[in-house]
Amino acid sequence: MKKTYLMLALFTSIFLIFGFVFIYSAGISMEARHPDVSASEFLEKQLIAFAIGLAGALVMIYLKGSWHFRKAFTIYYPLTLILLVAVLFFADRGGSHRWLDIGSLSLQISEFAKISLLMVLASYLGNIKKRSFLNTFLIPIGLVLPIAFLVFIEPDLSTTGILVAITFVMMIVGGIKLRYILLAIVLGVLIILILYSGGFIKPYQLERITLFLTSITGEEHEQVSYSIMAISSGGLLGKGLGMGLVKYYLPVSYSDFIFAVIGEELGLIGILVLMLAYVGFIRELILAGLKGPSKLEGKLYIIGFALYIMIQATINIAVNLGLFPPTGVTLPFVSSGGSSIMSLMIGYGLVFAILIEKEEENKASETHEKT
């Protein structure tokens, strides 16, 4: 298990180094366009959020994995719903109610909802005795619907999609039958059609998809064009740290399009290192999930967390490469985003809480056998 810890620490360090360096680098472009901000401001906010997230991870470890799963339905699930409702009553930003303001701290609750949903589904699927249509399909769908609905009406379509994807992944890992997955896909398509016909999907959300499919010129298409230009101009070795030029035309270079900044300044080598780090990180997590925890709920959570990272990283990279319409999804552990890094660190802390608790149980068992 020591090797697993070391490998996970190595990959996480790569993500964080990439993140801190390129958030500052992208911040330089934001400073040039907005005189009232400084490049260091973006980095400072990310470092503070990381520190808070790290403290949260340590708390998760201290309380032990089994405690969190016992409290999944009595604390985490109802608290998530309460906070998602509370968000709707706070002032909107850009037409969306996504943030909960606590003093100078602004939290995007939907980011934490992803981790909470993972925990709730792992706790539920890990403790059911019979794999039936009700247990592996209807109830998990029933668990995600209130959360997904509240996030959808903020509105936040991309996070809603990720929440649904997390649920499908957890159902598959939890042993759902293939025909139920096919039924879920059909149900999902029907829901999308109903929402579209009812006018619940916002015009700008439809525009993103339309522009992507038709390649009509527009702001969203322009962002992706600059992203591809940045990556292609980086060549093999890139232009060097801080030397990117196309990043000055990317509106959210420090967050949604940070992958493009990395591609421009470190080239193909840089983005391959980052992508291989994600592959290695996900692989180590899945292996740890399969070998480490003795309880199924722990296995399901760790594997689910790994696949969640895979889904979100894939979407972000695909957007940067022009293979997916812009979504606003961050690159895990790398993009600027206080709520994103905090929630990821807390979720990551639960992974270690599960693994460390298992090691403690093994040591206690060995000590008992010796005595």
# chains A, B, ... in the order shown; residues from 1 in each chain; ligands from 1
call {"tool": "residues_around", "arguments": {"residues": "Ile128 (chain A)", "least_positions_apart": "3", "cutoff": "12 Å", "atoms": "only C-alpha atoms", "output": "list of chain:residue names"}}
result
A:Leu121, A:Ala122, A:Ser123, A:Tyr124, A:Leu125, A:Arg131, A:Ser132, A:Leu134, A:Asn135, A:Thr136, A:Ile139, A:Pro140, A:Gly174, A:Gly175, A:Ile176, A:Leu296, A:Glu297
call {"tool": "residues_around", "arguments": {"residues": "region 158-163 of chain A", "least_positions_apart": "3", "cutoff": "6 Å", "atoms": "only C-alpha atoms", "output": "list of chain:residue names"}}
result
A:Ala148, A:Phe152, A:Ile166, A:Thr327
call {"tool": "residues_around", "arguments": {"residues": "region 270-283 of chain A", "least_positions_apart": "3", "cutoff": "6 Å", "atoms": "only C-alpha atoms", "output": "PyMOL selection string"}}
result
chain A and resi 11+263+266-267+286+306
call {"tool": "residues_around", "arguments": {"residues": "Gly322 (chain A)", "least_positions_apart": "6", "cutoff": "8 Å", "atoms": "only C-alpha atoms", "output": "list in words"}}
result
Val224, Ser225, Ser227 and Ile228 of chain A
call {"tool": "atom_distance", "arguments": {"atom1": "CA of Glu360 (chain A)", "atom2": "CA of Leu63 (chain A)"}}
result
13.3 Å
call {"tool": "select_by_dssp", "arguments": {"residues": "region 86-313 of chain A", "states": "strand (DSSP E)", "output": "PyMOL selection string"}}
result
chain A and resi 99-102+105-108
call {"tool": "closest_residue", "arguments": {"among": "A:Ala288, A:Ala49, A:Glu154, A:Gly235", "to": "Ile262 (chain A)", "atoms": "only C-alpha atoms"}}
result
A:Gly235
call {"tool": "atom_distance", "arguments": {"atom1": "CA of Tyr348 (chain A)", "atom2": "CA of Ala57 (chain A)"}}
result
6.8 Å
call {"tool": "atom_distance", "arguments": {"atom1": "CA of Ala55 (chain A)", "atom2": "CA of Lys295 (chain A)"}}
result
25.8 Å
call {"tool": "residues_around", "arguments": {"residues": "Ile52 (chain A)", "least_positions_apart": "5", "cutoff": "10 Å", "atoms": "only C-alpha atoms", "output": "mmCIF file with N, CA and C atoms, in the first residue's frame"}}
result
data_model
loop_
_atom_site.group_PDB
_atom_site.id
_atom_site.type_symbol
_atom_site.label_atom_id
_atom_site.label_comp_id
_atom_site.auth_asym_id
_atom_site.auth_seq_id
_atom_site.Cartn_x
_atom_site.Cartn_y
_atom_site.Cartn_z
ATOM 1 N N GLN A 46 -6.295 30.317 -5.424
ATOM 2 C CA GLN A 46 -6.203 28.866 -5.583
ATOM 3 C C GLN A 46 -5.436 28.231 -4.432
ATOM 4 N N LEU A 47 -4.375 28.878 -3.974
ATOM 5 C CA LEU A 47 -3.580 28.351 -2.858
ATOM 6 C C LEU A 47 -4.398 28.331 -1.570
ATOM 7 N N ALA A 57 -9.672 17.479 3.803
ATOM 8 C CA ALA A 57 -9.239 16.099 3.551
ATOM 9 C C ALA A 57 -8.724 15.446 4.835
ATOM 10 N N LEU A 58 -7.990 16.210 5.628
ATOM 11 C CA LEU A 58 -7.460 15.686 6.898
ATOM 12 C C LEU A 58 -8.594 15.372 7.875
ATOM 13 N N GLY A 338 -12.044 27.663 -6.733
ATOM 14 C CA GLY A 338 -11.964 27.357 -5.312
ATOM 15 C C GLY A 338 -12.816 26.177 -4.902
ATOM 16 N N SER A 339 -14.077 26.175 -5.316
ATOM 17 C CA SER A 339 -14.982 25.092 -4.940
ATOM 18 C C SER A 339 -14.548 23.775 -5.554
ATOM 19 N N ILE A 341 -11.383 22.732 -6.395
ATOM 20 C CA ILE A 341 -10.217 22.137 -5.722
ATOM 21 C C ILE A 341 -10.571 21.714 -4.297
ATOM 22 N N MET A 342 -11.429 22.470 -3.626
ATOM 23 C CA MET A 342 -11.821 22.101 -2.261
ATOM 24 C C MET A 342 -12.608 20.790 -2.249
ATOM 25 N N SER A 343 -13.579 20.680 -3.138
ATOM 26 C CA SER A 343 -14.405 19.466 -3.174
ATOM 27 C C SER A 343 -13.583 18.247 -3.590
ATOM 28 N N MET A 345 -10.344 17.786 -3.112
ATOM 29 C CA MET A 345 -9.462 17.413 -2.004
ATOM 30 C C MET A 345 -10.241 16.701 -0.904
ATOM 31 N N ILE A 346 -11.451 17.153 -0.641
ATOM 32 C CA ILE A 346 -12.289 16.489 0.365
ATOM 33 C C ILE A 346 -12.653 15.074 -0.095
#
call {"tool": "residues_around", "arguments": {"residues": "Ile109 (chain A)", "least_positions_apart": "6", "cutoff": "8 Å", "atoms": "only C-alpha atoms", "output": "VMD selection string"}}
result
chain A and resid 80 83 to 84 87 98 to 100 339
call {"tool": "closest_residue", "arguments": {"among": "A:Ala39, A:Leu241, A:Leu118, A:Leu287", "to": "Leu344 (chain A)", "atoms": "only C-alpha atoms"}}
result
A:Leu118
call {"tool": "residues_around", "arguments": {"residues": "Gly292 (chain A)", "least_positions_apart": "4", "cutoff": "10 Å", "atoms": "only C-alpha atoms", "output": "MDAnalysis selection string"}}
result
chainID A and resid 1 4 285:288 298:299 302 354:359
call {"tool": "closest_residue", "arguments": {"among": "A:Tyr254, A:Lys71, A:Arg179, A:Lys363", "to": "Glu41 (chain A)", "atoms": "only C-alpha atoms"}}
result
A:Tyr254
